[in-house]
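Here the structure comes first, spelled out in structure tokens, and everything after it is commentary.
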Amino acid sequence: MPTRAANLADSAQSLAEQAFESPLGWIARAAPIGVPAHTPLAQALATMQERHIGSLLVLDDAGAALGILTREDIVARVTVPQLPLSTPISQVMSSPVSTLTVHHTLHDAALLMARQGIRHVPVTDEGRVVGLLSEHDVAAMQRTTLQHVSTTIRAASDVGALGAAAHDIRRFACSLLEQGVGARQLTQLISHLNDVLTEHLVQMLAAEQGLDLERACWLAFGSEGRSEQTIATDQDNGLVFDSDDPPRDRARWLALGQRVNEVLHVCGYPLCKGHVMAGNPTCCLTAAEWCERFTGWIDHGAPDDLLQASIYFDFRAVAGRHELARGMRELVTRQAASQPRFTKQMADNALRNRAPLNWRGAIETQALGGRAMLDLKFHGATIFVDAARLYALARGIAHTGTRERFEALAQLLEVPPHESQAWVGGFEYLQTLRLQAQMARDPAAPGNPNLIELDALNDIERRMLKESLRIARRLQQRMELDYQR
């Protein structure tokens with residue numbers, strides 16, 4: 001008989017089987033139009049004109065993609081330099097061309113297009129191109145597409161334009177949630193678009209202040225570092241800078257951090273109440289200083305050290321010279337795994353936040369204004385996040401995302417697939433409820449955006465919530481066996 005965990009995994013999988021999770025092989029497309037590399041431009045352009053297409057693939061004899069010619073390529077590489085039309089297409093095509101397989105999803109295609117700024121992605125089956133996906137196929141949702149939001153952000157030239165772009169991100173996220181896009185895809189998309197906005201802002205302000213971003217890297221901590229940001233999110237960020245005289249150079253980088261923090265706040269990303277921001281001197285350090293700080297937390301493991309580690313160790317490079325953060329990640333991965341005392345202290349700390357279930361298995365809530373409320377973040381998703389971080393650090397896993405950590409841990413911990421899938425399913429269902437709760441409230445309203453009224457849930461939602469919390473409790477029981485015996 002299927003276990004509750006298996007049932008929840010099936011439910012979570014059903015939720016994920018939305019548009020963005022559809023394999024590209026399921027999407028019916030006409031056979032792509034392609035030409036050999038030696039095709040003259042005259043013939044290639046005539047083909048595009050006759051077929052009314054804006055791009056043309058260049059294929060080898062086996063049908064693999066060698067390159068692609070788009071309208072933008074024609075203007076920049078043919079029209080402006082006035083190349084003769086006898087020129088082979090291979091001399092002006094964009095190459096190499098990024099491709100996805102029939103097993104990738106629309107979600108994968110959307111992220112690839114946004115990250116690389118491209119509008120077309122060839123779809124392959126065993127190396128042979130079998131389709132060509134356009135931006136409109138991926139994100140034709142209402143009037144706003146992922147590519148459009150990304151382009152709007154990158155084109156912003158002042159604070160007002162960035163604020164409008166940030167509003168577009170939240171509106172786009174709400175639109176996707178209404179259309180049934182799953183929590184994993186949605187939080188990744190929100191995090192990606194917030195990355196794009198932050199990177200553009202950092203570059204813009206660094207240029208204004210005459211700072212070279214080859215000497216620094218903007219860091220994201222917490223949920224942004226895990227690529228798990230929701231609609232209601234504040235700032236958790238820092239700076240690592242390269243300097244042979246840190247006291248001399250810190251003031252300029254600190255000024256940049258403070259200005260970026262101010263603008264992000266204006267754009268709708270509240271200042272961190274715990275002051276985990278690049279404009280704080282304790283968050284604007286050289287790589288050596290960051291490593292010294294991290295080492296101190298791991299070596300001492302005081303209550304405040306454990307709190308700091310739970311925020312800062314989920315860091316990720318966002319803008320500037322990413323290599324500056326590489327040694328920091330290597331140190332955390334290596335040193336935390338070599339300190340069993342530190343990981344035990346992390347487990348003790350995480351287990352203080354128990355899954356909100358009473359001895360009868362009913363959900364424990366808090367009464368607010370006469371209503372039974374539950375904090376889906378602190379008493380829900382955080383339990384999974386803390387467990388995934390603990391085991392990842394203990395096992396030397398460098399991933400920062402909760403799902404990626406669980407997937408990497410499954411084999412190392414010799415966990416049956418249905419159990420590890422239930423961890424992921426439980427976490428992502430709680431994230432879905434968080435997103436729904438945030439979307440239902442006024443963004444400007446005071447109070448905790450992660451609270452949900454239990455009576456507002458239907459029977460199925462309440463059962464899935466209870467099952468998610470049961471999985472969280474079993475995960476904590478595993479932590480007890482592993483670290484408190």
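Letters for chains follow the order of the structure tokens (A, B, ...), residue numbers begin at 1 for each chain, and ligand numbers begin at 1 in the order shown.
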For region 39-42 of chain A, work out the shell of residues within 10 Å, counting only C-alpha atoms and skipping chain neighbours fewer than 4 positions away, then give it as a list in words.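 Non-adjacent residues within range: Val35, Ala46, Thr47, Val58, Ile74, Val78, Leu83, Pro84, Leu85, Ser86, Thr87, Pro88, Ile89, Ser90, Gln91 and Val92 of chain A.
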So that I can see what lies close to region 348-364 of chain A, please list as an MDAnalysis selection string the residues with an atom at most 7 Å from it, counting only C-alpha atoms and leaving out residues fewer than 2 positions away in the same chain. chainID A and resid 344:346 379 386 466 469 472:473 476
Selection above as a file: C-alpha atoms, as a PDB file, in the first residue's frame:
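Resulting contents of result23.pdb:
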```
ATOM      1  CA  LYS A 344      25.964  18.647  15.516  1.00  0.00           C
ATOM      2  CA  GLN A 345      25.467  22.173  16.822  1.00  0.00           C
ATOM      3  CA  MET A 346      23.655  23.068  13.615  1.00  0.00           C
ATOM      4  CA  HIS A 379       7.123  26.521  10.876  1.00  0.00           C
ATOM      5  CA  ASP A 386      17.668  23.779   7.583  1.00  0.00           C
ATOM      6  CA  LYS A 466      -0.572  18.082   7.105  1.00  0.00           C
ATOM      7  CA  LEU A 469       4.453  18.695   7.971  1.00  0.00           C
ATOM      8  CA  ALA A 472       9.128  17.507   7.969  1.00  0.00           C
ATOM      9  CA  ARG A 473       8.724  15.741  11.310  1.00  0.00           C
ATOM     10  CA  GLN A 476      13.722  15.885  11.951  1.00  0.00           C
TER      11      GLN A 476
END
```
Nearest to Phe384 (chain A), chosen from A:Leu435, A:Leu176, A:Ala398, A:Ile471, with only C-alpha atoms counted in the distances: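 When distances to Phe384 (chain A) are compared using only C-alpha atoms, the smallest one comes from A:Ile471.
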Taking the chain letters and numbering used in this document, name the residues of region 249-466 of chain A that DSSP puts in strand (DSSP E or B), as a PyMOL selection string. chain A and resi 284-286+316-320+357+363+366-368+371-375+451-453
Calculate how many Å separate CA of Leu465 (chain A) from CA of Leu376 (chain A), rounding to one decimal. 9.6 Å
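For the choices A:Gly380, A:Gly225, A:Pro247, A:Gly34, the atom-to-atom distance to Met48 (chain A) is smallest for A:Gly34 when using only C-alpha atoms.
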Under the rule of at most 10 Å, produce a per-residue listing of region 312-387 of chain A near region 230-242 of chain A: chain, number, name, the closest pair of atoms, and the distance in Å, as JSON lines, using only C-alpha atoms.
```
{"residue": "A:Tyr312", "atom": "CA", "partner": "A:Asp236", "partner_atom": "CA", "distance": 8.6}
{"residue": "A:Phe315", "atom": "CA", "partner": "A:Asn237", "partner_atom": "CA", "distance": 8.5}
{"residue": "A:Arg316", "atom": "CA", "partner": "A:Asn237", "partner_atom": "CA", "distance": 9.4}
{"residue": "A:Ala317", "atom": "CA", "partner": "A:Leu239", "partner_atom": "CA", "distance": 9.3}
{"residue": "A:Val318", "atom": "CA", "partner": "A:Asn237", "partner_atom": "CA", "distance": 9.6}
{"residue": "A:Ala319", "atom": "CA", "partner": "A:Leu239", "partner_atom": "CA", "distance": 9.6}
{"residue": "A:Gly320", "atom": "CA", "partner": "A:Phe241", "partner_atom": "CA", "distance": 9.6}
{"residue": "A:Arg321", "atom": "CA", "partner": "A:Phe241", "partner_atom": "CA", "distance": 9.0}
{"residue": "A:His322", "atom": "CA", "partner": "A:Val240", "partner_atom": "CA", "distance": 9.6}
{"residue": "A:Leu324", "atom": "CA", "partner": "A:Val240", "partner_atom": "CA", "distance": 7.0}
{"residue": "A:Ala325", "atom": "CA", "partner": "A:Val240", "partner_atom": "CA", "distance": 7.3}
{"residue": "A:Met328", "atom": "CA", "partner": "A:Val240", "partner_atom": "CA", "distance": 9.7}
```
Just list as an NGL selection string whatever in region 194-431 of chain A DSSP marks as alpha helix (DSSP H). :A and (194-208 or 222-225 or 246-266 or 287-300 or 303-312 or 326-337 or 340-350 or 382-394 or 402-412 or 417-431)
Can you pull out every residue within 12 Å of Thr151 (chain A), counting only C-alpha atoms, but drop anything in the same chain fewer than 2 positions away, and send it as a PyMOL selection string? chain A and resi 113-119+144-149+153-156+161-162+165+168-169+193+196-197+200
Any idea what's packed within 12 Å of Thr400 (chain A), counting only C-alpha atoms, ignoring anything in its chain fewer than 6 positions away? Could you give it as an MDAnalysis selection string? chainID A and resid 220:228 310:317 329 332:333 385:386 388:393 406:408
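For the residues A:Ile383, A:Leu475, A:Glu330, A:Val266, ranking by smallest atom-to-atom distance to Asp158 (chain A) using only C-alpha atoms places A:Val266 first.
Of the residues listed (A:Gln82, A:Thr343, A:Ser420, A:Ser338), A:Ser420 shows the shortest atom-to-atom separation from Arg474 (chain A); distances use only C-alpha atoms.
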